[in-house]
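Data from final_1.txt: compact mmCIF, C-alpha atoms
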```
# COMPACT_ATOMS: atom_id res chain seq x y z
CA MET E 28 84.21 98.43 -161.16
CA LEU E 29 85.93 95.71 -159.20
CA ASP E 30 88.10 95.76 -156.06
CA ILE E 31 90.73 93.01 -155.91
CA VAL E 32 91.82 92.23 -152.33
CA ILE E 33 95.27 90.65 -151.86
CA PRO E 34 96.40 89.82 -148.30
CA VAL E 35 100.20 89.68 -148.10
CA TYR E 36 102.86 88.52 -145.68
CA ASN E 37 106.44 88.80 -146.98
CA GLU E 38 105.49 88.11 -150.62
CA GLN E 39 108.56 89.84 -152.09
CA GLU E 40 109.14 86.98 -154.54
CA ASN E 41 105.59 86.91 -155.87
CA ILE E 42 103.86 90.27 -155.66
CA CYS E 43 105.30 91.88 -158.79
CA CYS E 44 104.35 88.93 -160.99
CA THR E 45 100.91 88.75 -159.39
CA ILE E 46 100.15 92.39 -160.15
CA GLU E 47 101.48 92.00 -163.68
CA GLU E 48 99.23 88.96 -164.17
CA ILE E 49 96.21 90.92 -162.96
CA GLU E 50 96.91 93.77 -165.36
CA LYS E 51 97.46 91.35 -168.23
CA LYS E 52 94.43 89.11 -167.69
CA VAL E 53 91.75 91.28 -166.03
CA ARG E 54 89.99 93.62 -168.44
CA THR E 55 87.30 94.70 -165.99
CA PRO E 56 88.15 98.16 -164.56
CA HIS E 57 89.59 97.49 -161.12
CA ASN E 58 91.50 98.64 -158.08
CA ILE E 59 94.07 96.40 -156.41
CA LEU E 60 94.05 96.57 -152.60
CA VAL E 61 97.19 95.07 -151.07
CA ILE E 62 96.59 94.47 -147.36
CA TYR E 63 99.59 94.11 -145.04
CA ASP E 64 100.20 93.56 -141.33
CA PHE E 65 103.42 95.40 -140.49
CA GLU E 66 105.73 98.04 -141.93
CA GLN E 67 108.72 95.68 -142.18
CA ASP E 68 106.90 93.37 -144.62
CA ASN E 69 109.25 92.88 -147.59
CA THR E 70 106.28 93.18 -149.99
CA LEU E 71 105.90 96.90 -149.30
CA PRO E 72 108.93 98.41 -151.09
CA ILE E 73 107.99 96.64 -154.32
CA VAL E 74 104.37 97.73 -154.15
CA ARG E 75 105.33 101.32 -153.36
CA GLU E 76 107.59 101.40 -156.39
CA LEU E 77 104.80 100.02 -158.59
CA MET E 78 102.34 102.57 -157.19
CA ILE E 79 104.30 105.39 -158.85
CA LYS E 80 102.93 104.27 -162.22
CA LYS E 81 99.77 102.39 -161.20
CA VAL E 82 97.10 104.70 -159.84
CA ASN E 83 94.74 101.77 -159.23
CA LEU E 84 97.18 100.08 -156.82
CA LYS E 85 96.73 100.79 -153.11
CA LEU E 86 98.51 99.71 -149.92
CA ILE E 87 96.27 99.37 -146.87
CA LYS E 88 97.39 98.37 -143.40
CA ASN E 89 95.41 95.66 -141.66
CA ARG E 90 93.08 97.52 -139.31
CA TYR E 91 91.66 94.61 -137.29
CA GLY E 92 94.82 92.87 -136.07
CA GLN E 93 97.35 90.64 -137.77
CA GLY E 94 96.52 87.58 -139.82
CA VAL E 95 94.97 86.70 -143.14
CA LEU E 96 91.39 86.74 -141.89
CA ASN E 97 91.73 90.29 -140.56
CA ALA E 98 93.50 91.33 -143.75
CA ILE E 99 90.58 90.09 -145.85
CA LYS E 100 88.10 91.82 -143.52
CA THR E 101 90.11 95.03 -143.93
CA GLY E 102 89.91 94.61 -147.69
CA PHE E 103 86.15 94.15 -147.51
CA ALA E 104 85.77 97.27 -145.38
CA SER E 105 88.02 99.29 -147.72
CA ALA E 106 86.32 98.21 -150.94
CA LYS E 107 84.13 100.81 -152.63
CA ASN E 108 83.03 99.14 -155.84
CA GLU E 109 80.13 96.83 -156.65
CA ALA E 110 82.17 93.62 -156.61
CA VAL E 111 85.07 92.38 -154.47
CA LEU E 112 87.47 89.57 -155.40
CA VAL E 113 89.74 87.80 -152.91
CA THR E 114 92.90 86.34 -154.40
CA MET E 115 96.31 85.39 -153.09
CA ALA E 116 99.69 86.90 -153.91
CA ASP E 117 101.28 83.56 -154.79
CA LEU E 118 99.90 83.16 -158.35
CA SER E 119 97.91 80.10 -157.30
CA ASP E 120 94.56 81.46 -158.48
CA ASP E 121 93.27 81.43 -162.05
CA LEU E 122 93.08 85.14 -162.91
CA ALA E 123 91.89 84.39 -166.45
CA THR E 124 88.43 83.68 -164.98
CA VAL E 125 88.03 87.06 -163.25
CA ASP E 126 86.19 88.85 -166.06
CA ARG E 127 83.72 85.99 -166.33
CA MET E 128 83.16 86.06 -162.57
CA TYR E 129 82.52 89.81 -162.67
CA SER E 130 80.04 89.46 -165.53
CA LYS E 131 77.96 87.06 -163.46
CA ILE E 132 77.67 89.65 -160.69
CA ALA E 133 77.24 92.73 -162.88
CA ASN E 134 75.06 91.24 -165.61
CA GLU E 135 73.42 88.14 -164.13
CA ASN E 136 72.76 89.45 -160.60
CA TYR E 137 74.64 86.78 -158.68
CA ASP E 138 75.84 87.67 -155.18
CA ILE E 139 78.75 85.22 -154.94
CA VAL E 140 80.76 83.64 -157.74
CA CYS E 141 82.97 80.79 -156.56
CA GLY E 142 86.10 79.76 -158.40
CA SER E 143 85.67 75.98 -158.50
CA ARG E 144 88.50 73.48 -158.77
CA TYR E 145 86.14 70.52 -158.55
CA MET E 146 83.39 71.23 -161.08
CA CYS E 147 83.67 70.12 -164.69
CA GLY E 148 86.54 72.04 -166.28
CA GLY E 149 88.25 72.89 -162.98
CA ARG E 150 91.65 71.60 -161.88
CA GLN E 151 93.90 71.51 -158.84
CA ILE E 152 97.62 71.12 -159.44
CA GLY E 153 99.87 70.29 -156.50
CA GLY E 154 99.37 70.89 -152.81
CA PRO E 155 99.29 68.41 -149.90
CA LEU E 156 97.25 65.26 -150.60
CA PHE E 157 95.35 65.36 -147.30
CA LYS E 158 94.35 68.99 -147.76
CA ARG E 159 93.19 68.32 -151.34
CA THR E 160 91.18 65.29 -150.25
CA MET E 161 89.46 67.06 -147.35
CA SER E 162 88.63 70.08 -149.48
CA ARG E 163 87.17 68.01 -152.29
CA LEU E 164 85.17 65.87 -149.85
CA ALA E 165 83.74 68.95 -148.12
CA GLY E 166 82.82 70.57 -151.42
CA PHE E 167 81.10 67.57 -152.98
CA SER E 168 79.29 66.46 -149.84
CA LEU E 169 77.86 69.92 -149.09
CA HIS E 170 76.85 70.35 -152.72
CA TYR E 171 74.89 67.10 -152.80
CA LEU E 172 73.61 67.05 -149.21
CA THR E 173 72.51 70.68 -148.93
CA GLY E 174 72.13 71.83 -152.54
CA ILE E 175 74.61 74.67 -152.14
CA PRO E 176 75.40 75.63 -155.77
CA THR E 177 79.15 75.13 -155.75
CA HIS E 178 81.36 72.03 -155.67
CA ASP E 179 84.19 73.99 -154.01
CA VAL E 180 82.87 75.80 -150.95
CA THR E 181 86.29 75.91 -149.23
CA ASN E 182 88.11 77.77 -152.01
CA SER E 183 89.06 81.34 -151.01
CA PHE E 184 89.07 82.47 -154.65
CA LYS E 185 85.61 84.02 -154.69
CA MET E 186 84.00 87.22 -155.91
CA TYR E 187 81.34 88.89 -153.81
CA ALA E 188 78.76 91.58 -154.45
CA LYS E 189 79.62 94.45 -152.09
CA LYS E 190 75.98 94.71 -151.01
CA LEU E 191 76.21 91.11 -149.74
CA LEU E 192 79.37 91.79 -147.73
CA ASP E 193 77.70 94.80 -146.14
CA ASN E 194 74.85 92.58 -144.90
CA ILE E 195 76.70 89.49 -143.64
CA ALA E 196 78.05 89.47 -140.07
CA ILE E 197 81.45 87.74 -140.05
CA GLU E 198 82.12 85.45 -137.10
CA SER E 199 85.23 83.58 -138.27
CA CYS E 200 88.26 83.85 -136.01
CA GLY E 201 90.81 81.66 -137.77
CA GLY E 202 91.80 82.19 -141.39
CA PHE E 203 90.61 81.20 -144.85
CA GLU E 204 87.42 79.56 -143.57
CA LEU E 205 85.97 83.08 -143.87
CA GLY E 206 85.03 82.38 -147.50
CA MET E 207 83.19 79.22 -146.49
CA GLU E 208 81.33 81.07 -143.73
CA ILE E 209 80.11 83.81 -146.06
CA THR E 210 79.01 81.27 -148.68
CA VAL E 211 77.02 78.98 -146.38
CA LYS E 212 75.40 81.96 -144.63
CA ALA E 213 74.52 83.59 -147.93
CA PHE E 214 72.98 80.34 -149.16
CA ALA E 215 70.92 80.03 -145.98
CA LEU E 216 69.68 83.60 -146.45
CA GLY E 217 68.64 83.04 -150.05
CA TYR E 218 71.36 84.97 -151.88
CA GLN E 219 72.25 83.90 -155.41
CA ILE E 220 75.43 81.80 -155.72
CA THR E 221 77.11 80.26 -158.73
CA GLU E 222 80.52 78.87 -159.71
CA VAL E 223 82.94 78.96 -162.62
CA PRO E 224 85.69 76.42 -163.29
CA CYS E 225 89.19 77.51 -162.35
CA THR E 226 92.68 76.06 -162.09
CA TRP E 227 94.56 76.24 -158.80
CA ARG E 228 98.35 75.73 -158.73
CA ASP E 229 100.47 75.29 -155.65
CA ARG E 230 102.83 78.20 -155.06
CA SER E 231 106.33 78.00 -156.57
CA HIS E 232 107.94 80.63 -154.31
CA GLY E 233 107.68 81.33 -150.61
CA GLN E 234 105.90 79.42 -147.87
CA SER E 235 102.16 78.85 -147.68
CA LYS E 236 100.36 80.64 -144.85
CA PHE E 237 97.61 78.00 -144.77
CA LYS E 238 97.39 76.40 -141.31
CA LEU E 239 95.42 73.22 -141.91
CA TRP E 240 95.40 71.72 -138.43
CA ALA E 241 94.83 75.04 -136.67
CA TRP E 242 91.95 76.04 -138.97
CA LEU E 243 90.32 72.62 -139.52
CA PRO E 244 87.94 72.99 -136.52
CA ASN E 245 86.74 76.30 -137.98
CA TYR E 246 86.02 74.69 -141.35
CA LEU E 247 84.16 71.87 -139.59
CA HIS E 248 82.10 74.42 -137.68
CA TRP E 249 80.77 75.96 -140.90
CA TYR E 250 80.40 72.56 -142.55
CA PHE E 251 78.05 71.39 -139.81
CA TYR E 252 76.35 74.80 -139.76
CA ALA E 253 75.36 74.21 -143.39
CA LEU E 254 74.14 70.69 -142.64
CA ARG E 255 72.10 71.85 -139.65
CA ARG E 256 70.48 74.64 -141.63
CA ARG E 257 69.52 72.17 -144.34
CA LEU E 258 68.08 69.73 -141.79
CA PHE E 259 66.00 72.43 -140.11
CA TYR E 260 64.78 73.63 -143.51
CA GLN E 261 63.63 70.13 -144.43
CA VAL E 262 61.85 69.74 -141.08
CA ASP E 263 60.07 73.09 -141.58
CA ILE E 264 58.91 72.04 -145.04
CA LYS E 265 57.66 68.67 -143.74
CA PHE E 266 55.55 70.21 -141.02
```
Any chance you could put this one into structure tokens?
Amino acid sequence: MLDIVIPVYNEQENICCTIEEIEKKVRTPHNILVIYDFEQDNTLPIVRELMIKKVNLKLIKNRYGQGVLNAIKTGFASAKNEAVLVTMADLSDDLATVDRMYSKIANENYDIVCGSRYMCGGRQIGGPLFKRTMSRLAGFSLHYLTGIPTHDVTNSFKMYAKKLLDNIAIESCGGFELGMEITVKAFALGYQITEVPCTWRDRSHGQSKFKLWAWLPNYLHWYFYALRRRLFYQVDIKF
């Protein structure tokens, strides 16, 4: 089975449609873990109403402190099944690819499957130009300079083998760079990583929680971590 982790922060306008999309497009048996920060979050009444009929839908309070990073960590800690997907509540992620992602973990023994906007067949629709440019540049440069097997290392839409998550120490302290940290560390440790093309669409309702300028130093930290690891690896091989 699959655990789908959704961090939320006042997603009243989106959460019902997101859950409906999951149930419509994901055929893999799954649980949906909605992770929230505070009891006044306007997402909660809607989820509680849906839980009456959906036994696979669970509300879990963030156990590590507020913020999206801690919400995702709470989801990882709460997951019980062999694979864990991180997706957002704003319908930006391409849920039609989830079954294919799961198959690569369950049947092909991959440890991380990255949803990729920048490989052949992937698309990114909308979003700030600077953010899109930086993300694409980071993905392509790390792919070609280090050999990491994804063109989209910064995308949060990833599926992880639970056994991997149980063996990776998370150091991130900002936000969505968590997915990049896990991927570059897993690559350095020899875990199996692949990607599938996906379409990302900018949200149509609500305000994005992405904090580009606050989190950019954290992304750069893991970018240069990957480059350093590659350099040291090449030096070891040479000598």
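Using all atoms listed in the file, the nearest neighbour of E:Arg256 within the list E:Cys141, E:Leu96, E:Val82, E:Leu169 is E:Leu169.
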Query raised in the report: Leaving out E:Val111 and any residue of its chain fewer than 5 positions from it, which residues lie within 12 Å of it when counting all atoms listed in the file, given as a ChimeraX atom specification?
Result: /E:28-33,55,57-60,99-106,125,128-129,132-133,138-141,184-193
Write out the residues from the selection above, keeping C-alpha atoms, as a PDB file, in the frame of the given file.
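Done, and the output landed in selection-v4.pdb:
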```pdb
ATOM      1  CA  MET E  28      84.210  98.430-161.160  1.00  0.00           C
ATOM      2  CA  LEU E  29      85.930  95.710-159.200  1.00  0.00           C
ATOM      3  CA  ASP E  30      88.100  95.760-156.060  1.00  0.00           C
ATOM      4  CA  ILE E  31      90.730  93.010-155.910  1.00  0.00           C
ATOM      5  CA  VAL E  32      91.820  92.230-152.330  1.00  0.00           C
ATOM      6  CA  ILE E  33      95.270  90.650-151.860  1.00  0.00           C
ATOM      7  CA  THR E  55      87.300  94.700-165.990  1.00  0.00           C
ATOM      8  CA  HIS E  57      89.590  97.490-161.120  1.00  0.00           C
ATOM      9  CA  ASN E  58      91.500  98.640-158.080  1.00  0.00           C
ATOM     10  CA  ILE E  59      94.070  96.400-156.410  1.00  0.00           C
ATOM     11  CA  LEU E  60      94.050  96.570-152.600  1.00  0.00           C
ATOM     12  CA  ILE E  99      90.580  90.090-145.850  1.00  0.00           C
ATOM     13  CA  LYS E 100      88.100  91.820-143.520  1.00  0.00           C
ATOM     14  CA  THR E 101      90.110  95.030-143.930  1.00  0.00           C
ATOM     15  CA  GLY E 102      89.910  94.610-147.690  1.00  0.00           C
ATOM     16  CA  PHE E 103      86.150  94.150-147.510  1.00  0.00           C
ATOM     17  CA  ALA E 104      85.770  97.270-145.380  1.00  0.00           C
ATOM     18  CA  SER E 105      88.020  99.290-147.720  1.00  0.00           C
ATOM     19  CA  ALA E 106      86.320  98.210-150.940  1.00  0.00           C
ATOM     20  CA  VAL E 125      88.030  87.060-163.250  1.00  0.00           C
ATOM     21  CA  MET E 128      83.160  86.060-162.570  1.00  0.00           C
ATOM     22  CA  TYR E 129      82.520  89.810-162.670  1.00  0.00           C
ATOM     23  CA  ILE E 132      77.670  89.650-160.690  1.00  0.00           C
ATOM     24  CA  ALA E 133      77.240  92.730-162.880  1.00  0.00           C
ATOM     25  CA  ASP E 138      75.840  87.670-155.180  1.00  0.00           C
ATOM     26  CA  ILE E 139      78.750  85.220-154.940  1.00  0.00           C
ATOM     27  CA  VAL E 140      80.760  83.640-157.740  1.00  0.00           C
ATOM     28  CA  CYS E 141      82.970  80.790-156.560  1.00  0.00           C
ATOM     29  CA  PHE E 184      89.070  82.470-154.650  1.00  0.00           C
ATOM     30  CA  LYS E 185      85.610  84.020-154.690  1.00  0.00           C
ATOM     31  CA  MET E 186      84.000  87.220-155.910  1.00  0.00           C
ATOM     32  CA  TYR E 187      81.340  88.890-153.810  1.00  0.00           C
ATOM     33  CA  ALA E 188      78.760  91.580-154.450  1.00  0.00           C
ATOM     34  CA  LYS E 189      79.620  94.450-152.090  1.00  0.00           C
ATOM     35  CA  LYS E 190      75.980  94.710-151.010  1.00  0.00           C
ATOM     36  CA  LEU E 191      76.210  91.110-149.740  1.00  0.00           C
ATOM     37  CA  LEU E 192      79.370  91.790-147.730  1.00  0.00           C
ATOM     38  CA  ASP E 193      77.700  94.800-146.140  1.00  0.00           C
TER      39      ASP E 193
END
```
Requested in this report: Rounded to one decimal place, report the atom CA of E:Asn41-atom CA of E:Asp117 distance in Å.
Outcome: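 Calculated distance between atom CA of E:Asn41 and atom CA of E:Asp117 is 5.6 Å.
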Query raised in the report: Skipping near chain neighbours, those fewer than 5 positions away, what residues fall within 10 Å of E:Leu247 using all atoms listed in the file, listed as a PyMOL selection string?
Result: chain E and resi 165+204+242+252-253
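Interatomic distance, atom CA of E:Ile49 against atom CA of E:Ser130: 16.4 Å.
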Query raised in the report: With all atoms listed in the file as the basis for distance, which of E:Val53, E:Met146, E:Ile79, E:Leu71 is at the shortest distance from E:Gln39?
Result: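 Checking each of E:Val53, E:Met146, E:Ile79, E:Leu71 against E:Gln39, counting all atoms listed in the file, the winner is E:Leu71.
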Query raised in the report: Just how far from atom CA of E:Leu77 is atom CA of E:Asn97, in Å to one decimal?
Result: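 Distance reported for this atom pair: 24.3 Å.
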Query raised in the report: Quick one: of E:Val35, E:Pro56, E:Lys51, E:Ile42, who's nearest to E:Glu76, counting all atoms listed in the file?
Result: E:Ile42
Query - Who sits within 7 Å of E:Arg228, only C-alpha atoms, same chain under 4 positions skipped, as number ranges by chain - result: E: 119-120, 151-153
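Using all atoms listed in the file, the shortest contact distance between E:Gly94 and any of E:Gly201, E:Pro244, E:Gly217, E:Pro72 is found at E:Gly201.
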